[in-house]
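Next comes model_17.txt, with compact mmCIF, C-alpha atoms (C1' of nucleotides) and all ligand atoms.
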# COMPACT_ATOMS: atom_id res chain seq x y z
CA MET O 24 -24.24 -38.08 -43.37
CA GLN O 25 -27.11 -36.37 -41.63
CA ILE O 26 -25.39 -33.08 -40.79
CA HIS O 27 -24.47 -32.66 -44.46
CA HIS O 28 -28.07 -33.13 -45.40
CA TYR O 29 -29.27 -30.80 -42.68
CA LEU O 30 -26.94 -28.02 -43.84
CA LYS O 31 -28.05 -28.46 -47.44
CA GLN O 32 -31.63 -27.89 -46.36
CA PHE O 33 -30.54 -24.37 -45.46
CA ASP O 34 -28.62 -23.92 -48.68
CA ILE O 35 -25.27 -24.23 -46.91
CA LYS O 36 -22.43 -26.13 -48.57
CA PRO O 37 -21.12 -28.63 -46.02
CA SER O 38 -17.39 -28.08 -45.71
CA VAL O 39 -15.38 -29.96 -43.11
CA GLN O 40 -15.27 -26.89 -40.87
CA ARG O 41 -18.95 -26.07 -41.20
CA THR O 42 -19.90 -29.65 -40.49
CA ALA O 43 -17.72 -29.70 -37.39
CA VAL O 44 -19.27 -26.47 -36.08
CA MET O 45 -22.83 -27.65 -36.66
CA ASP O 46 -21.99 -31.02 -35.13
CA TYR O 47 -20.66 -29.27 -32.05
CA LEU O 48 -23.71 -27.01 -31.74
CA MET O 49 -26.06 -29.95 -32.07
CA SER O 50 -24.14 -32.10 -29.59
CA TYR O 51 -23.40 -29.57 -26.87
CA LYS O 52 -26.51 -27.48 -26.32
CA THR O 53 -24.72 -24.97 -24.12
CA HIS O 54 -25.29 -21.85 -26.25
CA PRO O 55 -21.54 -21.46 -26.71
CA THR O 56 -19.60 -18.36 -27.61
CA ILE O 57 -17.25 -18.18 -30.59
CA ASP O 58 -14.31 -18.72 -28.26
CA GLU O 59 -15.85 -21.79 -26.69
CA ILE O 60 -16.49 -23.35 -30.08
CA TYR O 61 -12.99 -22.54 -31.26
CA SER O 62 -11.33 -23.83 -28.09
CA TYR O 63 -13.17 -27.13 -28.35
CA LEU O 64 -12.59 -27.76 -32.05
CA SER O 65 -9.07 -26.41 -32.35
CA PRO O 66 -7.29 -29.49 -30.89
CA PHE O 67 -9.07 -31.75 -33.38
CA MET O 68 -8.42 -29.41 -36.32
CA PRO O 69 -5.01 -27.83 -35.75
CA THR O 70 -5.18 -25.47 -38.73
CA LEU O 71 -8.62 -24.14 -37.79
CA SER O 72 -8.86 -20.38 -37.66
CA LYS O 73 -11.10 -18.37 -35.36
CA THR O 74 -12.08 -16.29 -38.38
CA THR O 75 -13.61 -19.41 -39.86
CA ILE O 76 -15.77 -19.82 -36.77
CA TYR O 77 -16.97 -16.24 -37.20
CA ASN O 78 -17.58 -16.73 -40.93
CA THR O 79 -19.37 -20.00 -40.38
CA LEU O 80 -21.70 -18.75 -37.69
CA ASN O 81 -22.52 -15.56 -39.58
CA LEU O 82 -23.47 -17.75 -42.51
CA PHE O 83 -25.53 -20.12 -40.35
CA VAL O 84 -27.44 -17.20 -38.85
CA GLU O 85 -27.98 -15.58 -42.24
CA LYS O 86 -29.35 -18.82 -43.64
CA GLY O 87 -31.56 -19.38 -40.61
CA ALA O 88 -29.87 -22.60 -39.51
CA VAL O 89 -28.79 -21.20 -36.16
CA LEU O 90 -30.02 -18.54 -33.76
CA GLN O 91 -27.77 -15.78 -32.48
CA LEU O 92 -28.79 -14.98 -28.92
CA ALA O 93 -28.48 -11.46 -27.55
CA ILE O 94 -28.93 -12.59 -23.95
CA ASP O 95 -25.24 -12.16 -23.15
CA GLU O 96 -24.08 -8.54 -23.41
CA LYS O 97 -20.43 -9.51 -23.75
CA ASN O 98 -20.33 -12.15 -26.45
CA ALA O 99 -22.74 -13.47 -29.02
CA ARG O 100 -24.04 -16.95 -28.22
CA TYR O 101 -25.33 -19.48 -30.70
CA ASP O 102 -28.11 -22.04 -30.63
CA ALA O 103 -28.76 -24.77 -33.19
CA ASP O 104 -32.20 -25.34 -31.70
CA ILE O 105 -34.39 -23.02 -33.76
CA SER O 106 -37.66 -24.19 -32.24
CA ASN O 107 -39.74 -21.94 -29.97
CA HIS O 108 -38.11 -21.81 -26.57
CA ALA O 109 -36.91 -19.19 -24.11
CA HIS O 110 -33.61 -18.70 -22.28
CA PHE O 111 -32.55 -17.95 -18.75
CA LYS O 112 -29.18 -16.39 -17.98
CA CYS O 113 -27.80 -16.70 -14.48
CA LYS O 114 -26.47 -13.36 -13.26
CA ASN O 115 -24.02 -15.23 -11.05
CA CYS O 116 -22.43 -17.99 -13.14
CA GLY O 117 -23.39 -16.67 -16.58
CA LYS O 118 -24.72 -20.01 -17.76
CA VAL O 119 -27.56 -19.89 -20.30
CA TYR O 120 -30.34 -22.42 -19.74
CA ASP O 121 -33.11 -23.53 -22.09
CA LEU O 122 -36.70 -23.06 -20.96
CA PHE O 123 -38.89 -25.39 -22.96
CA ASP O 124 -41.89 -25.74 -20.68
CA LEU O 125 -43.54 -22.43 -21.43
CA LYS O 126 -46.80 -21.66 -23.15
CA GLN O 127 -46.49 -21.47 -26.92
CA GLU O 128 -48.56 -18.27 -26.86
CA LEU O 129 -45.51 -16.48 -25.51
CA PHE O 130 -43.78 -16.98 -28.84
CA ALA O 131 -46.63 -15.77 -31.03
CA LYS O 132 -45.76 -12.95 -33.41
CA PRO O 133 -48.26 -10.20 -32.62
CA MET O 134 -50.13 -8.65 -35.55
CA LEU O 135 -49.29 -4.97 -35.28
CA GLU O 136 -49.94 -2.24 -37.80
CA GLY O 137 -46.62 -1.02 -39.16
CA PHE O 138 -44.48 -3.94 -38.01
CA ASP O 139 -43.54 -6.97 -40.04
CA ILE O 140 -42.31 -9.28 -37.29
CA HIS O 141 -39.87 -12.04 -38.28
CA THR O 142 -38.35 -13.19 -35.00
CA VAL O 143 -39.22 -13.39 -31.30
CA GLU O 144 -36.69 -13.61 -28.49
CA LEU O 145 -37.81 -14.19 -24.92
CA SER O 146 -35.11 -13.98 -22.25
CA TYR O 147 -35.14 -14.21 -18.49
CA SER O 148 -32.38 -13.52 -16.01
CA GLY O 149 -31.85 -14.15 -12.33
CA ILE O 150 -30.15 -16.76 -10.18
CA CYS O 151 -29.95 -20.42 -11.11
CA GLY O 152 -30.44 -23.38 -8.81
CA SER O 153 -26.76 -24.27 -8.61
CA CYS O 154 -25.86 -20.74 -7.57
CA LYS O 155 -28.66 -20.30 -5.05
CA GLY O 156 -27.34 -20.48 -1.51
CA MET O 157 -23.75 -20.29 -2.62
CA ASN O 158 -21.41 -17.31 -2.71
CA MET Z 7 -36.53 19.41 -9.12
CA GLN Z 8 -38.31 16.24 -10.11
CA ILE Z 9 -35.41 14.38 -11.72
CA HIS Z 10 -33.35 14.87 -8.54
CA HIS Z 11 -36.16 13.36 -6.53
CA TYR Z 12 -36.59 10.53 -8.98
CA LEU Z 13 -32.90 9.62 -8.83
CA LYS Z 14 -32.96 9.71 -5.03
CA GLN Z 15 -35.75 7.13 -5.04
CA PHE Z 16 -33.21 4.75 -6.55
CA ASP Z 17 -30.51 5.76 -4.10
CA ILE Z 18 -28.59 7.69 -6.75
CA LYS Z 19 -26.95 10.99 -5.83
CA PRO Z 20 -28.07 13.54 -8.41
CA SER Z 21 -24.94 15.12 -9.86
CA VAL Z 22 -25.19 17.54 -12.76
CA GLN Z 23 -24.08 14.86 -15.20
CA ARG Z 24 -26.38 12.15 -13.87
CA THR Z 25 -29.32 14.52 -13.95
CA ALA Z 26 -28.56 15.48 -17.54
CA VAL Z 27 -28.37 11.84 -18.62
CA MET Z 28 -31.63 10.91 -16.91
CA ASP Z 29 -33.30 14.00 -18.32
CA TYR Z 30 -32.19 12.99 -21.79
CA LEU Z 31 -33.40 9.41 -21.38
CA MET Z 32 -36.77 10.58 -20.11
CA SER Z 33 -37.21 13.17 -22.87
CA TYR Z 34 -36.02 11.22 -25.88
CA LYS Z 35 -37.44 7.73 -25.66
CA THR Z 36 -35.31 6.42 -28.51
CA HIS Z 37 -33.38 3.73 -26.59
CA PRO Z 38 -30.12 5.53 -27.31
CA THR Z 39 -26.62 4.11 -27.31
CA ILE Z 40 -23.82 5.56 -25.19
CA ASP Z 41 -22.51 7.41 -28.23
CA GLU Z 42 -25.88 8.95 -29.00
CA ILE Z 43 -26.25 10.21 -25.44
CA TYR Z 44 -22.72 11.58 -25.43
CA SER Z 45 -23.08 13.27 -28.82
CA TYR Z 46 -26.25 14.99 -27.74
CA LEU Z 47 -25.07 16.21 -24.33
CA SER Z 48 -21.48 17.06 -25.21
CA PRO Z 49 -22.24 20.44 -26.85
CA PHE Z 50 -24.15 21.56 -23.76
CA MET Z 51 -21.47 20.28 -21.34
CA PRO Z 52 -18.11 20.79 -23.03
CA THR Z 53 -16.06 19.04 -20.35
CA LEU Z 54 -18.27 15.96 -20.35
CA SER Z 55 -16.40 12.68 -20.73
CA LYS Z 56 -17.70 9.58 -22.43
CA THR Z 57 -16.42 7.60 -19.47
CA THR Z 58 -18.92 9.47 -17.33
CA ILE Z 59 -21.73 8.33 -19.60
CA TYR Z 60 -20.57 4.76 -19.15
CA ASN Z 61 -20.22 5.17 -15.39
CA THR Z 62 -23.59 6.84 -15.09
CA LEU Z 63 -25.50 4.26 -17.06
CA ASN Z 64 -23.81 1.37 -15.32
CA LEU Z 65 -24.91 2.93 -12.04
CA PHE Z 66 -28.47 3.54 -13.26
CA VAL Z 67 -28.78 -0.08 -14.40
CA GLU Z 68 -27.28 -1.40 -11.15
CA LYS Z 69 -29.75 0.67 -9.12
CA GLY Z 70 -32.66 -0.39 -11.29
CA ALA Z 71 -33.47 3.10 -12.56
CA VAL Z 72 -32.83 2.22 -16.20
CA LEU Z 73 -33.00 -0.90 -18.34
CA GLN Z 74 -30.11 -2.06 -20.48
CA LEU Z 75 -31.52 -3.62 -23.62
CA ALA Z 76 -29.75 -6.52 -25.32
CA ILE Z 77 -31.76 -6.16 -28.53
CA ASP Z 78 -28.86 -4.57 -30.43
CA GLU Z 79 -25.87 -6.90 -30.82
CA LYS Z 80 -23.45 -4.05 -31.51
CA ASN Z 81 -24.06 -1.52 -28.72
CA ALA Z 82 -25.92 -1.51 -25.45
CA ARG Z 83 -29.10 0.56 -25.54
CA TYR Z 84 -30.78 2.17 -22.56
CA ASP Z 85 -34.40 2.76 -21.59
CA ALA Z 86 -35.67 4.90 -18.73
CA ASP Z 87 -39.10 3.31 -19.07
CA ILE Z 88 -38.88 0.38 -16.67
CA SER Z 89 -42.53 -0.64 -17.02
CA ASN Z 90 -43.53 -3.87 -18.77
CA HIS Z 91 -43.21 -3.40 -22.50
CA ALA Z 92 -41.56 -5.13 -25.43
CA HIS Z 93 -39.27 -3.87 -28.19
CA PHE Z 94 -39.07 -4.23 -31.93
CA LYS Z 95 -35.83 -3.72 -33.80
CA CYS Z 96 -35.95 -3.05 -37.51
CA LYS Z 97 -33.40 -5.17 -39.35
CA ASN Z 98 -33.18 -2.49 -42.02
CA CYS Z 99 -32.89 0.87 -40.26
CA GLY Z 100 -31.88 -0.40 -36.82
CA LYS Z 101 -34.44 1.72 -35.01
CA VAL Z 102 -35.82 0.28 -31.76
CA TYR Z 103 -39.56 0.77 -31.24
CA ASP Z 104 -41.63 0.37 -28.09
CA LEU Z 105 -44.48 -2.13 -28.13
CA PHE Z 106 -46.90 -1.24 -25.37
CA ASP Z 107 -50.10 -2.85 -26.60
CA LEU Z 108 -49.28 -6.43 -25.70
CA LYS Z 109 -50.86 -8.70 -23.15
CA GLN Z 110 -49.41 -8.33 -19.68
CA GLU Z 111 -49.23 -12.14 -19.41
CA LEU Z 112 -46.28 -12.03 -21.79
CA PHE Z 113 -44.23 -10.35 -19.07
CA ALA Z 114 -45.11 -12.72 -16.26
CA LYS Z 115 -42.17 -14.36 -14.52
CA PRO Z 116 -42.80 -18.09 -14.80
CA MET Z 117 -42.51 -20.15 -11.62
CA LEU Z 118 -39.88 -22.73 -12.48
CA GLU Z 119 -38.11 -25.13 -10.16
CA GLY Z 120 -34.46 -24.16 -9.95
CA PHE Z 121 -34.76 -20.66 -11.40
CA ASP Z 122 -35.14 -17.45 -9.45
CA ILE Z 123 -36.28 -15.11 -12.22
CA HIS Z 124 -35.63 -11.40 -11.74
CA THR Z 125 -36.07 -9.89 -15.18
CA VAL Z 126 -37.96 -10.54 -18.42
CA GLU Z 127 -36.97 -9.21 -21.83
CA LEU Z 128 -39.22 -9.68 -24.84
CA SER Z 129 -37.81 -8.59 -28.20
CA TYR Z 130 -39.05 -8.79 -31.74
CA SER Z 131 -37.27 -8.06 -34.97
CA GLY Z 132 -38.30 -7.62 -38.57
CA ILE Z 133 -39.04 -4.70 -40.90
CA CYS Z 134 -40.69 -1.50 -39.73
CA GLY Z 135 -43.40 0.46 -41.53
CA SER Z 136 -41.08 3.21 -42.72
CA CYS Z 137 -38.72 0.69 -44.29
CA LYS Z 138 -41.39 -1.47 -45.91
CA GLY Z 139 -41.50 -0.95 -49.65
CA MET Z 140 -38.26 1.00 -49.68
CA ASN Z 141 -34.74 -0.20 -50.42
C1' DA J 15 -14.24 28.64 7.92
C1' DT J 16 -10.55 25.06 7.37
C1' DA J 17 -8.98 20.60 7.06
C1' DT J 18 -9.96 15.99 5.76
C1' DA J 19 -12.26 12.20 3.81
C1' DT J 20 -15.28 10.55 0.29
C1' DC J 21 -17.45 10.68 -3.99
C1' DT J 22 -17.51 11.98 -8.84
C1' DT J 23 -15.60 13.21 -13.10
C1' DT J 24 -12.12 13.21 -16.52
C1' DG J 25 -8.53 11.74 -20.01
C1' DT J 26 -5.82 8.17 -21.40
C1' DA J 27 -4.49 3.55 -21.85
C1' DA J 28 -5.73 -1.25 -22.01
C1' DT J 29 -8.73 -4.96 -23.19
C1' DG J 30 -11.55 -7.85 -25.88
C1' DA J 31 -14.89 -8.99 -29.50
C1' DT J 32 -15.72 -8.60 -34.19
C1' DT J 33 -14.72 -7.37 -38.99
C1' DA J 34 -11.70 -6.29 -43.06
C1' DT J 35 -8.20 -7.76 -45.98
C1' DA J 36 -5.38 -10.39 -48.87
C1' DA J 37 -2.92 -14.60 -49.58
C1' DC J 38 -3.50 -19.41 -49.77
C1' DT J 39 -6.10 -23.81 -50.35
C1' DT J 40 -9.75 -26.57 -51.81
C1' DT J 41 -13.47 -27.70 -54.83
C1' DG J 42 -16.02 -27.85 -59.04
C1' DT J 43 -16.01 -27.76 -63.97
C1' DA J 44 -14.45 -27.43 -68.84
C1' DT D 24 -4.89 -30.71 -66.69
C1' DA D 25 -6.36 -25.84 -66.40
C1' DC D 26 -9.20 -22.38 -64.79
C1' DA D 27 -12.62 -20.19 -61.90
C1' DA D 28 -15.23 -19.98 -57.80
C1' DA D 29 -15.71 -20.87 -53.07
C1' DG D 30 -13.77 -21.50 -48.60
C1' DT D 31 -10.05 -21.01 -45.17
C1' DT D 32 -6.38 -18.81 -42.89
C1' DA D 33 -3.35 -15.33 -40.50
C1' DT D 34 -2.87 -10.78 -39.62
C1' DA D 35 -4.24 -6.14 -39.10
C1' DA D 36 -7.81 -2.81 -38.19
C1' DT D 37 -11.90 -1.25 -35.88
C1' DC D 38 -14.93 -0.33 -32.28
C1' DA D 39 -17.26 -0.80 -27.73
C1' DT D 40 -16.25 -1.15 -23.12
C1' DT D 41 -13.43 -1.17 -18.91
C1' DA D 42 -9.29 -0.06 -15.99
C1' DC D 43 -6.68 3.27 -13.98
C1' DA D 44 -4.95 7.31 -11.83
C1' DA D 45 -5.19 12.20 -11.43
C1' DA D 46 -8.13 16.18 -10.78
C1' DG D 47 -12.32 18.29 -9.14
C1' DA D 48 -16.45 18.55 -6.24
C1' DT D 49 -19.08 17.52 -2.14
C1' DA D 50 -19.78 16.26 2.63
C1' DT D 51 -18.22 15.97 7.43
C1' DA D 52 -15.56 17.10 11.53
C1' DT D 53 -13.01 20.20 14.07
MN MN O 201 -31.62 -22.71 -26.52
MN MN O 202 -38.71 0.97 -24.40
ZN ZN O 203 -25.76 -19.76 -11.76
ZN ZN O 204 -36.84 0.36 -40.42
Spell out the structure here as structure tokens.
Amino acid sequence: MQIHHYLKQFDIKPSVQRTAVMDYLMSYKTHPTIDEIYSYLSPFMPTLSKTTIYNTLNLFVEKGAVLQLAIDEKNARYDADISNHAHFKCKNCGKVYDLFDLKQELFAKPMLEGFDIHTVELSYSGICGSCKGMN
Amino acid sequence: MQIHHYLKQFDIKPSVQRTAVMDYLMSYKTHPTIDEIYSYLSPFMPTLSKTTIYNTLNLFVEKGAVLQLAIDEKNARYDADISNHAHFKCKNCGKVYDLFDLKQELFAKPMLEGFDIHTVELSYSGICGSCKGMN
DNA sequence: ATATATCTTTGTAATGATTATAACTTTGTA
DNA sequence: TACAAAGTTATAATCATTACAAAGATATAT
């Protein structure tokens, strides 16, 4: 199964729960919160615990398989797409959108004396198209 | 007094507490948390309440006088420098550094169909110079 | 200057996200 | 099968933030 293989690439043992979480993240690219992941999976896996979702995502982030986004002040949000892209958070509806069509230069890690830069996070906020003109 | 005048520019009435918080933010550019601000000011203002620090900073952010940084997953951090600059958070010591010497293009708000972009936040993380070679 | 309304601050309680803990279950191996 | 290691679960604890209501300060009208 491809998700099993993908997890192994990051040195993650593919349990049923871990596979389900990664499958969800790869299928629904909505940058979900822990609660959203748990609420979706729980009906399919009645014994699933929210702690497992926390454990699983902490492991995924640690192993580099998933990004933890800081764009939402309230809850952590997770993204299985670890390629260079930015995010936009709507101040009105809270939805987090992907922004792929930006110059790659924006994601360059600057060479700065005294800083060993590992990660780059570029976030925008404002009002999204669906919310414009409403409210 | 200059801080009073500065606050008024943002339509903020300069109370004693608000002035003290803005003074602190402008003097110590360490991107402090609520707790750090409270711990510093409390000895000088014995009746000060932590709720006031929360109220004050929420007001400052709402009025655009201060930036709330999302770079730290645990606590909100605040910055009185609202000019274009990026931040670096050390994964080891947790300190948040300013990065001023970056191209202004990095802070441009891209023109994208369906997005009305108000703010840009550019954050890096990795290991800082003081932490390199230690641990 | 006094009364009244509005704004601000304060302390406490409530909420909500995340982590710690310990028991239980599953998996891998001898 | 037997044992050890890894993973999952439920519950309790922690910690940041917000809600609330009372008290205090400031502004406005008489
Ligand atoms: Mn994304
Ligand atoms: Mn700064
Ligand atoms: Zn929206
Ligand atoms: Zn450091």
inquiry  = Please find the residues contacting ligand ZN 203 (chain O) at a distance of at most 6 Å between atoms, with only C-alpha atoms (C1' of nucleotides) and all ligand atoms counted, and report them as a list in words.
reply    = Cys113, Asn115, Cys116, Ile150, Cys151, Ser153 and Cys154 of chain O
query = Residues within 6 Å of ligand MN 202 (chain O) (only C-alpha atoms (C1' of nucleotides) and all ligand atoms), as an MDAnalysis selection string?
reply = chainID Z and resid 85 87 104
key: Within 12 Å of DA36 (chain J) using only C-alpha atoms (C1' of nucleotides), minus same-chain residues under 5 positions, as number ranges by chain   = D: 32-35
Exercise: Lys114 (chain O) partners within 12 Å, only C-alpha atoms (C1' of nucleotides), chain neighbours under 2 positions left out, as a PDB file with C-alpha atoms, in the frame of the given file:
ATOM      1  CA  ILE O  94     -28.930 -12.590 -23.950  1.00  0.00           C
ATOM      2  CA  ASP O  95     -25.240 -12.160 -23.150  1.00  0.00           C
ATOM      3  CA  GLU O  96     -24.080  -8.540 -23.410  1.00  0.00           C
ATOM      4  CA  PHE O 111     -32.550 -17.950 -18.750  1.00  0.00           C
ATOM      5  CA  LYS O 112     -29.180 -16.390 -17.980  1.00  0.00           C
ATOM      6  CA  CYS O 116     -22.430 -17.990 -13.140  1.00  0.00           C
ATOM      7  CA  GLY O 117     -23.390 -16.670 -16.580  1.00  0.00           C
ATOM      8  CA  LYS O 118     -24.720 -20.010 -17.760  1.00  0.00           C
ATOM      9  CA  VAL O 119     -27.560 -19.890 -20.300  1.00  0.00           C
ATOM     10  CA  TYR O 120     -30.340 -22.420 -19.740  1.00  0.00           C
ATOM     11  CA  TYR O 147     -35.140 -14.210 -18.490  1.00  0.00           C
ATOM     12  CA  SER O 148     -32.380 -13.520 -16.010  1.00  0.00           C
ATOM     13  CA  GLY O 149     -31.850 -14.150 -12.330  1.00  0.00           C
ATOM     14  CA  ILE O 150     -30.150 -16.760 -10.180  1.00  0.00           C
ATOM     15  CA  CYS O 151     -29.950 -20.420 -11.110  1.00  0.00           C
ATOM     16  CA  GLY O 152     -30.440 -23.380  -8.810  1.00  0.00           C
ATOM     17  CA  SER O 153     -26.760 -24.270  -8.610  1.00  0.00           C
ATOM     18  CA  CYS O 154     -25.860 -20.740  -7.570  1.00  0.00           C
ATOM     19  CA  LYS O 155     -28.660 -20.300  -5.050  1.00  0.00           C
TER      20      LYS O 155
ATOM     21  CA  PHE Z 121     -34.760 -20.660 -11.400  1.00  0.00           C
ATOM     22  CA  ASP Z 122     -35.140 -17.450  -9.450  1.00  0.00           C
ATOM     23  CA  ILE Z 123     -36.280 -15.110 -12.220  1.00  0.00           C
ATOM     24  CA  HIS Z 124     -35.630 -11.400 -11.740  1.00  0.00           C
ATOM     25  CA  THR Z 125     -36.070  -9.890 -15.180  1.00  0.00           C
TER      26      THR Z 125
END
Please work out which residues fall within 12 Å of (-7.2, 13.0, -21.2), coordinates as given in the file, with all atoms listed in the file counting, and return them as a tab-separated table (two decimals) with C-alpha atoms (C1' of nucleotides), in the frame of the given file.
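Wrote it out as selection34.tsv, contents follow:
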chain	number	residue	atom	x	y	z
Z	53	THR	CA	-16.06	19.04	-20.35
Z	54	LEU	CA	-18.27	15.96	-20.35
Z	55	SER	CA	-16.40	12.68	-20.73
Z	56	LYS	CA	-17.70	9.58	-22.43
Z	57	THR	CA	-16.42	7.60	-19.47
J	23	DT	C1'	-15.60	13.21	-13.10
J	24	DT	C1'	-12.12	13.21	-16.52
J	25	DG	C1'	-8.53	11.74	-20.01
J	26	DT	C1'	-5.82	8.17	-21.40
J	27	DA	C1'	-4.49	3.55	-21.85
D	44	DA	C1'	-4.95	7.31	-11.83
D	45	DA	C1'	-5.19	12.20	-11.43
D	46	DA	C1'	-8.13	16.18	-10.78
ask   = Any idea what the distance is between CA of Ser50 (chain O) and CA of Gln25 (chain O)?
value = 13.1 Å
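Proximal residues of ligand MN 201 (chain O) are O:Lys52, O:Thr53, O:His54, O:Leu90, O:Gln91, O:Leu92, O:Arg100, O:Tyr101, O:Asp102, O:Ala103, O:Asp104, O:Ile105, O:Ser106, O:Asn107, O:His108, O:Ala109, O:His110, O:Phe111, O:Val119, O:Tyr120, O:Asp121, O:Leu122, O:Phe123, by a cut-off of 10 Å on only C-alpha atoms (C1' of nucleotides) and all ligand atoms.
Put simply, C1' of DA39 (chain D) is 20.1 Å away from CA of Leu31 (chain Z).
You will find CA of Thr39 (chain Z) at 17.5 Å from CA of Asn98 (chain O).
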message = What's around DT18 (chain J) at 10 Å? Count all atoms listed in the file, leave out sequence neighbours fewer than 3 positions away in its own chain, and write the answer as a ChimeraX atom specification.
response = /D:51-53
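With only C-alpha atoms (C1' of nucleotides) taken into account, chain Z has Ser21, Ile40, Asp41, Thr57, Tyr60, Asn61, Lys80, Asn81 and Ala82 of chain Z at most 10 Å from chain D.
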Could you give me, as a PDB file with C-alpha atoms, in the frame of the given file, the residues within 10 Å of Tyr30 (chain Z), counting all atoms listed in the file and dropping anything in the same chain fewer than 6 positions from it?
ATOM      1  CA  ARG Z  24     -26.380  12.150 -13.870  1.00  0.00           C
ATOM      2  CA  THR Z  36     -35.310   6.420 -28.510  1.00  0.00           C
ATOM      3  CA  PRO Z  38     -30.120   5.530 -27.310  1.00  0.00           C
ATOM      4  CA  ILE Z  43     -26.250  10.210 -25.440  1.00  0.00           C
ATOM      5  CA  TYR Z  46     -26.250  14.990 -27.740  1.00  0.00           C
ATOM      6  CA  LEU Z  47     -25.070  16.210 -24.330  1.00  0.00           C
ATOM      7  CA  ALA Z  86     -35.670   4.900 -18.730  1.00  0.00           C
TER       8      ALA Z  86
END
Edge lengths and centre in Å to one decimal, as lines of an AutoDock Vina configuration file, of the axis-aligned box that encloses all listed atoms of region 95-103 of chain Z with 3 Å added on every side?
center_x = -35.7
center_y = -1.7
center_z = -36.6
size_x = 13.7
size_y = 12.9
size_z = 16.8
request  = Can you work out which one of O:Thr79, O:Gly137, O:Gly156, O:Glu128 has the shortest atom-to-atom distance to ligand ZN 204 (chain O), counting all atoms listed in the file?
outcome  = O:Gly137
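Minimum atom-to-atom distances from O:Met45, O:Phe83, O:Glu144, O:Lys36 to chain J were compared using all atoms listed in the file, and the lowest value belongs to O:Lys36.
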task = Restrict the distance test to only C-alpha atoms (C1' of nucleotides), flag each residue of chain J within 10 Å of chain O, and return the flagged residues as number ranges by chain.
result = J: 30-33, 40-41
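Closest approach to chain O from the set Z:Ile59, Z:Ala76, Z:Val22, Z:Ala114 is made by Z:Ala76, with distances taken over all atoms listed in the file.
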